$ cat work23.tsv   # TSV, C-alpha atoms and all ligand atoms
chain	number	residue	atom	x	y	z
C	1	MET	CA	137.93	75.22	82.14
C	2	THR	CA	134.41	75.84	80.87
C	3	CYS	CA	131.58	73.56	81.96
C	4	ILE	CA	130.19	71.66	78.97
C	5	SER	CA	126.63	71.82	80.37
C	6	CYS	CA	126.23	75.36	81.74
C	7	ALA	CA	129.34	77.24	80.50
C	8	HIS	CA	130.35	78.11	84.08
C	9	GLU	CA	134.11	78.73	84.45
C	10	HIS	CA	135.72	76.56	87.16
C	11	ASP	CA	138.73	74.37	87.92
C	12	GLN	CA	137.09	71.59	89.93
C	13	LYS	CA	136.33	67.94	89.36
C	14	PHE	CA	132.61	68.69	89.23
C	15	CYS	CA	131.02	71.97	88.12
C	16	PRO	CA	130.05	73.90	91.30
C	17	ASN	CA	127.15	75.46	89.38
C	18	CYS	CA	125.42	72.40	87.89
C	19	GLY	CA	127.36	69.33	89.05
C	20	GLU	CA	128.51	68.24	85.60
C	21	GLN	CA	131.71	66.19	85.63
C	22	ALA	CA	134.71	68.21	84.41
C	23	ALA	CA	136.55	65.69	82.28
C	24	VAL	CA	134.65	62.83	80.73
C	25	GLY	CA	136.65	60.73	78.30
C	26	ARG	CA	135.59	60.03	74.75
C	27	ILE	CA	132.86	57.47	74.23
C	28	THR	CA	134.40	54.13	73.31
C	29	PHE	CA	132.90	50.65	73.08
C	30	ARG	CA	134.72	49.89	76.32
C	31	SER	CA	133.17	52.92	78.06
C	32	ILE	CA	129.70	51.96	76.81
C	33	ALA	CA	130.14	48.44	78.18
C	34	THR	CA	131.51	49.75	81.49
C	35	ASP	CA	128.61	52.20	81.92
C	36	PHE	CA	126.07	49.56	80.99
C	37	PHE	CA	127.41	46.93	83.42
C	38	SER	CA	127.92	49.40	86.23
C	39	THR	CA	124.24	50.41	85.91
C	40	LEU	CA	123.33	46.74	86.28
C	41	THR	CA	125.88	45.55	88.82
C	42	ASN	CA	126.99	48.45	91.00
C	43	MET	CA	125.61	47.95	94.54
C	44	ASP	CA	126.03	51.64	95.41
C	45	LYS	CA	123.93	52.96	92.56
C	46	GLY	CA	121.71	51.85	89.74
C	47	LEU	CA	119.45	48.83	89.55
C	48	LEU	CA	121.05	46.74	92.29
C	49	PHE	CA	121.08	49.66	94.73
C	50	ASN	CA	117.31	49.98	94.34
C	51	LEU	CA	116.76	46.21	94.51
C	52	LYS	CA	118.89	45.92	97.63
C	53	TYR	CA	117.26	48.76	99.55
C	54	LEU	CA	113.72	47.96	98.43
C	55	THR	CA	114.35	44.49	99.87
C	56	ILE	CA	116.10	45.31	103.15
C	57	ASN	CA	115.09	48.89	103.95
C	58	PRO	CA	112.51	50.41	101.60
C	59	HIS	CA	111.68	53.11	104.17
C	60	TYR	CA	115.21	54.49	103.97
C	61	LEU	CA	115.31	54.51	100.17
C	62	ILE	CA	111.86	56.06	99.67
C	63	THR	CA	112.06	58.74	102.36
C	64	SER	CA	115.53	59.81	101.24
C	65	TYR	CA	114.33	60.03	97.65
C	66	ILE	CA	111.21	62.02	98.55
C	67	ARG	CA	113.30	64.37	100.71
C	68	GLY	CA	115.55	65.09	97.74
C	69	LYS	CA	118.37	62.53	97.73
C	70	ARG	CA	119.07	61.66	94.09
C	71	LYS	CA	122.68	60.47	94.07
C	72	GLY	CA	122.99	56.71	93.84
C	73	ILE	CA	119.25	56.10	93.74
C	74	PHE	CA	118.17	54.82	90.35
C	75	ASN	CA	115.39	57.06	89.00
C	76	PRO	CA	112.10	55.29	89.89
C	77	PHE	CA	110.62	55.57	86.40
C	78	SER	CA	113.80	54.29	84.71
C	79	PHE	CA	113.82	51.54	87.33
C	80	LEU	CA	110.21	50.67	86.50
C	81	LEU	CA	110.88	50.66	82.74
C	82	LEU	CA	113.99	48.52	83.16
C	83	SER	CA	112.18	46.04	85.44
C	84	ILE	CA	109.30	45.70	83.01
C	85	SER	CA	111.75	45.33	80.10
C	86	ILE	CA	113.59	42.54	81.92
C	87	PHE	CA	110.23	40.98	82.63
C	88	LEU	CA	109.07	41.21	79.00
C	89	ILE	CA	112.35	39.74	77.73
C	90	ALA	CA	112.06	36.83	80.16
C	91	ASP	CA	108.40	36.49	79.18
C	92	SER	CA	109.31	36.15	75.51
C	93	LEU	CA	111.74	33.34	76.39
C	94	VAL	CA	109.47	31.42	78.80
C	95	ASP	CA	105.71	31.40	78.38
C	96	PHE	CA	104.51	32.85	81.67
C	97	SER	CA	100.89	32.88	80.69
C	98	SER	CA	100.77	29.07	80.58
C	99	GLY	CA	99.55	29.10	84.18
C	100	LEU	CA	96.56	31.14	83.04
C	101	ASP	CA	95.43	28.65	80.44
C	102	GLY	CA	92.67	26.09	80.84
C	103	PRO	CA	89.12	26.40	82.11
C	104	ASP	CA	90.14	26.12	85.79
C	105	SER	CA	92.45	29.11	85.69
C	106	PRO	CA	91.51	32.38	87.38
C	107	ALA	CA	91.75	34.15	84.02
C	108	TYR	CA	88.70	32.29	82.76
C	109	SER	CA	86.60	32.94	85.80
C	110	ILE	CA	86.42	36.63	84.93
C	111	GLY	CA	85.15	35.89	81.44
C	112	TYR	CA	86.74	34.77	78.24
C	113	LYS	CA	87.43	38.20	76.71
C	114	ALA	CA	88.90	39.71	79.85
C	115	GLY	CA	90.79	36.46	80.38
C	116	THR	CA	92.31	36.71	76.93
C	117	PHE	CA	93.20	40.32	77.57
C	118	LEU	CA	94.80	39.37	80.85
C	119	ARG	CA	96.79	36.57	79.23
C	120	VAL	CA	97.97	38.43	76.15
C	121	TYR	CA	97.99	42.17	76.81
C	122	PHE	CA	97.92	42.78	80.54
C	123	LYS	CA	101.73	42.85	80.82
C	124	TYR	CA	101.78	45.85	78.48
C	125	VAL	CA	99.43	47.92	80.63
C	126	TRP	CA	101.03	46.76	83.91
C	127	ILE	CA	103.11	49.96	83.92
C	128	PHE	CA	99.94	52.05	84.41
C	129	THR	CA	99.15	50.23	87.64
C	130	ILE	CA	101.45	52.72	89.39
C	131	GLY	CA	98.41	55.05	89.18
C	132	CYS	CA	96.17	52.52	90.94
C	133	LEU	CA	98.77	51.79	93.62
C	134	GLY	CA	99.46	55.51	94.11
C	135	ILE	CA	95.75	56.22	94.62
C	136	SER	CA	95.55	53.32	97.04
C	137	THR	CA	98.52	54.35	99.22
C	138	LYS	CA	97.35	58.00	99.11
C	139	LEU	CA	93.90	56.94	100.26
C	140	PHE	CA	95.08	54.77	103.17
C	141	PHE	CA	98.17	56.67	104.28
C	142	GLY	CA	97.93	60.11	102.64
C	143	GLN	CA	101.41	61.06	103.80
C	144	TYR	CA	102.54	62.83	100.62
C	145	ASN	CA	100.90	64.43	97.60
C	146	LEU	CA	99.48	62.20	94.88
C	147	ALA	CA	102.41	62.74	92.49
C	148	GLU	CA	104.76	61.58	95.24
C	149	HIS	CA	102.58	58.55	95.94
C	150	VAL	CA	102.64	57.64	92.22
C	151	THR	CA	106.44	58.08	92.17
C	152	ILE	CA	106.78	55.83	95.22
C	153	SER	CA	104.55	53.32	93.44
C	154	ALA	CA	107.01	53.28	90.51
C	155	PHE	CA	109.62	51.97	92.97
C	156	PHE	CA	107.10	49.46	94.34
C	157	ILE	CA	105.83	48.15	91.00
C	158	GLY	CA	109.39	47.95	89.60
C	159	GLN	CA	110.48	45.84	92.54
C	160	ALA	CA	107.29	43.75	92.61
C	161	THR	CA	107.64	43.00	88.88
C	162	LEU	CA	111.09	41.50	89.40
C	163	ALA	CA	109.88	39.72	92.55
C	164	GLY	CA	107.14	38.28	90.32
C	165	LEU	CA	109.81	36.77	88.07
C	166	ILE	CA	111.30	35.00	91.07
C	167	GLY	CA	107.80	33.91	92.05
C	168	PHE	CA	107.29	32.39	88.64
C	169	PHE	CA	110.48	30.39	88.71
C	170	ALA	CA	110.17	29.37	92.36
C	171	LEU	CA	106.46	28.61	92.59
C	172	LYS	CA	105.34	28.34	88.97
C	173	ALA	CA	102.88	31.05	89.93
C	174	PRO	CA	101.28	32.89	87.05
C	175	VAL	CA	102.88	36.28	86.78
C	176	LEU	CA	101.69	39.69	87.83
C	177	LEU	CA	97.97	39.87	88.61
C	178	PHE	CA	97.63	36.44	90.24
C	179	ASN	CA	101.17	36.03	91.55
C	180	PRO	CA	101.29	35.95	95.38
C	181	ILE	CA	104.98	37.00	95.44
C	182	VAL	CA	104.08	40.26	93.67
C	183	TYR	CA	101.65	41.09	96.49
C	184	LEU	CA	103.98	39.88	99.24
C	185	ALA	CA	106.71	42.19	97.93
C	186	MET	CA	104.24	45.08	97.74
C	187	PHE	CA	102.92	44.34	101.20
C	188	TRP	CA	106.39	44.40	102.69
C	189	MET	CA	107.35	47.67	100.98
C	190	VAL	CA	104.09	49.51	101.75
C	191	TYR	CA	104.15	48.34	105.37
C	192	ASN	CA	107.81	49.27	105.84
C	193	VAL	CA	107.60	52.66	104.12
C	194	PHE	CA	104.30	53.97	105.49
C	195	GLY	CA	103.92	51.99	108.71
C	196	LYS	CA	107.10	53.17	110.42
C	197	GLY	CA	106.42	54.78	113.77
C	198	LYS	CA	102.75	53.77	113.70
C	199	ASP	CA	100.85	51.28	115.77
C	200	GLN	CA	101.87	47.91	114.29
C	201	TRP	CA	98.36	46.45	113.96
C	202	GLU	CA	96.95	49.64	112.54
C	203	ALA	CA	99.76	49.76	109.97
C	204	LEU	CA	99.22	46.09	109.04
C	205	LEU	CA	95.48	46.69	108.55
C	206	GLN	CA	96.10	49.80	106.47
C	207	THR	CA	98.65	47.94	104.35
C	208	ALA	CA	96.17	45.11	103.80
C	209	GLY	CA	93.67	47.79	102.76
C	210	VAL	CA	96.14	49.23	100.25
C	211	ILE	CA	96.78	45.86	98.61
C	212	LEU	CA	93.10	44.91	98.57
C	213	PHE	CA	92.01	48.23	97.09
C	214	PHE	CA	94.82	48.04	94.52
C	215	PHE	CA	93.68	44.55	93.48
C	216	LEU	CA	90.04	45.67	93.33
C	217	GLN	CA	90.94	48.54	91.01
C	218	LEU	CA	92.78	46.18	88.65
C	219	PHE	CA	89.94	43.69	88.80
C	220	LEU	CA	87.41	46.43	88.03
C	221	VAL	CA	89.48	47.59	85.04
C	222	LEU	CA	89.57	44.01	83.75
C	223	ILE	CA	85.81	43.63	84.15
C	224	LEU	CA	85.23	46.92	82.30
C	225	ILE	CA	87.53	45.69	79.53
C	226	GLY	CA	85.65	42.39	79.50
C	227	LEU	CA	82.37	44.27	79.09
C	228	ALA	CA	83.76	46.63	76.46
C	229	LEU	CA	85.33	43.94	74.24
C	301	ZN	ZN	128.07	73.49	84.93

$ encode --input "work23.tsv" --output "structure tokens" --more "lines below"
Ligand SMILES: [Zn+2]
Amino acid sequence: MTCISCAHEHDQKFCPNCGEQAAVGRITFRSIATDFFSTLTNMDKGLLFNLKYLTINPHYLITSYIRGKRKGIFNPFSFLLLSISIFLIADSLVDFSSGLDGPDSPAYSIGYKAGTFLRVYFKYVWIFTIGCLGISTKLFFGQYNLAEHVTISAFFIGQATLAGLIGFFALKAPVLLFNPIVYLAMFWMVYNVFGKGKDQWEALLQTAGVILFFFLQLFLVLILIGLAL
């Protein structure tokens, strides 16, 4: 038969030239539902695969991905978008910013305008924090090129965003910027991915540096926004 993607002639289950599957059935509502739920619930690929490995063995997931493994691993940027979408949907159902209200909240201590920005809009720019985290891990560990560090950060921020949801429900912690679970998740992943094979204390200090510098960058951006508004 002829491959639908690259027109290569073959008689295998997958095209030897481009990997396209040979016979895919017609799209039906059942196939849409099956594809959708398998993306969400299959432990060997998709969202749950990433969630599982970023929890138990982030080093394995990240290094395999950087070395070229793509099968099974959910694309980091799709993962990030899906995590943030889940977060935004949950946010529209439950008001997460309630913890940031009132004069005693951390949001107010950085000024009213920046506080308002943080409360109302910060979740929409959260996706760009992969740049800040990428710069931070590049600076402290410098193992890969910057694009790779930003890609790794997409895995980290995606996972930390969903961890933040758990943090909200478990601790009533305000989400994202001031949520300790977000930073705990990041700390674990950064330490596990970049600290392997290093001196343990050195790796812990470097990881603390990454998280601190990441937070400082976000804080600086908020202050600049506060000044600009
Ligand atoms: Zn092909």

$ residues_near_ligand --input "work23.tsv" --ligand "ligand ZN 301 (chain C)" --cutoff "6 Å" --atoms "all atoms listed in the file" --output "ChimeraX atom specification"
/C:3,5-8,15,17-20

$ closest_residue --input "work23.tsv" --among "C:Phe169, C:His59, C:Val24, C:Phe156" --to "C:Gly197" --atoms "only C-alpha atoms"
C:His59

$ atom_distance --input "work23.tsv" --atom1 "atom CA of C:Phe74" --atom2 "atom CA of C:Gly46"
4.7 Å

$ closest_residue --input "work23.tsv" --among "C:Leu82, C:Phe141, C:Thr2, C:Phe87" --to "C:Glu202" --atoms "all atoms listed in the file"
C:Phe141

$ closest_residue --input "work23.tsv" --among "C:Ile86, C:Ile181, C:Leu222, C:Leu205" --to "C:Val125" --atoms "all atoms listed in the file"
C:Leu222

$ closest_residue --input "work23.tsv" --among "C:Ile84, C:Phe117, C:Ala90, C:Phe77" --to "C:Ile223" --atoms "all atoms listed in the file"
C:Phe117

$ atom_distance --input "work23.tsv" --atom1 "atom CA of C:Tyr53" --atom2 "atom CA of C:Val210"
21.1 Å

$ atom_distance --input "work23.tsv" --atom1 "atom CA of C:Ala160" --atom2 "atom CA of C:Ala185"
5.6 Å

$ axis_aligned_box --input "work23.tsv" --around "stretch 163-171 of chain C" --padding-each-side "8 Å" --output "AutoDock Vina command-line options"
--center_x 108.9 --center_y 34.2 --center_z 90.3 --size_x 20.8 --size_y 27.1 --size_z 20.5

$ residues_around --input "work23.tsv" --residues "C:Lys71" --least-positions-apart "5" --cutoff "10 Å" --atoms "only C-alpha atoms" --output "number ranges by chain"
C: 44-46, 65

$ residues_around --input "work23.tsv" --residues "C:Ile135" --least-positions-apart "3" --cutoff "12 Å" --atoms "only C-alpha atoms" --output "VMD selection string"
chain C and resid 128 to 132 138 to 153 209 to 211 213 to 215 217
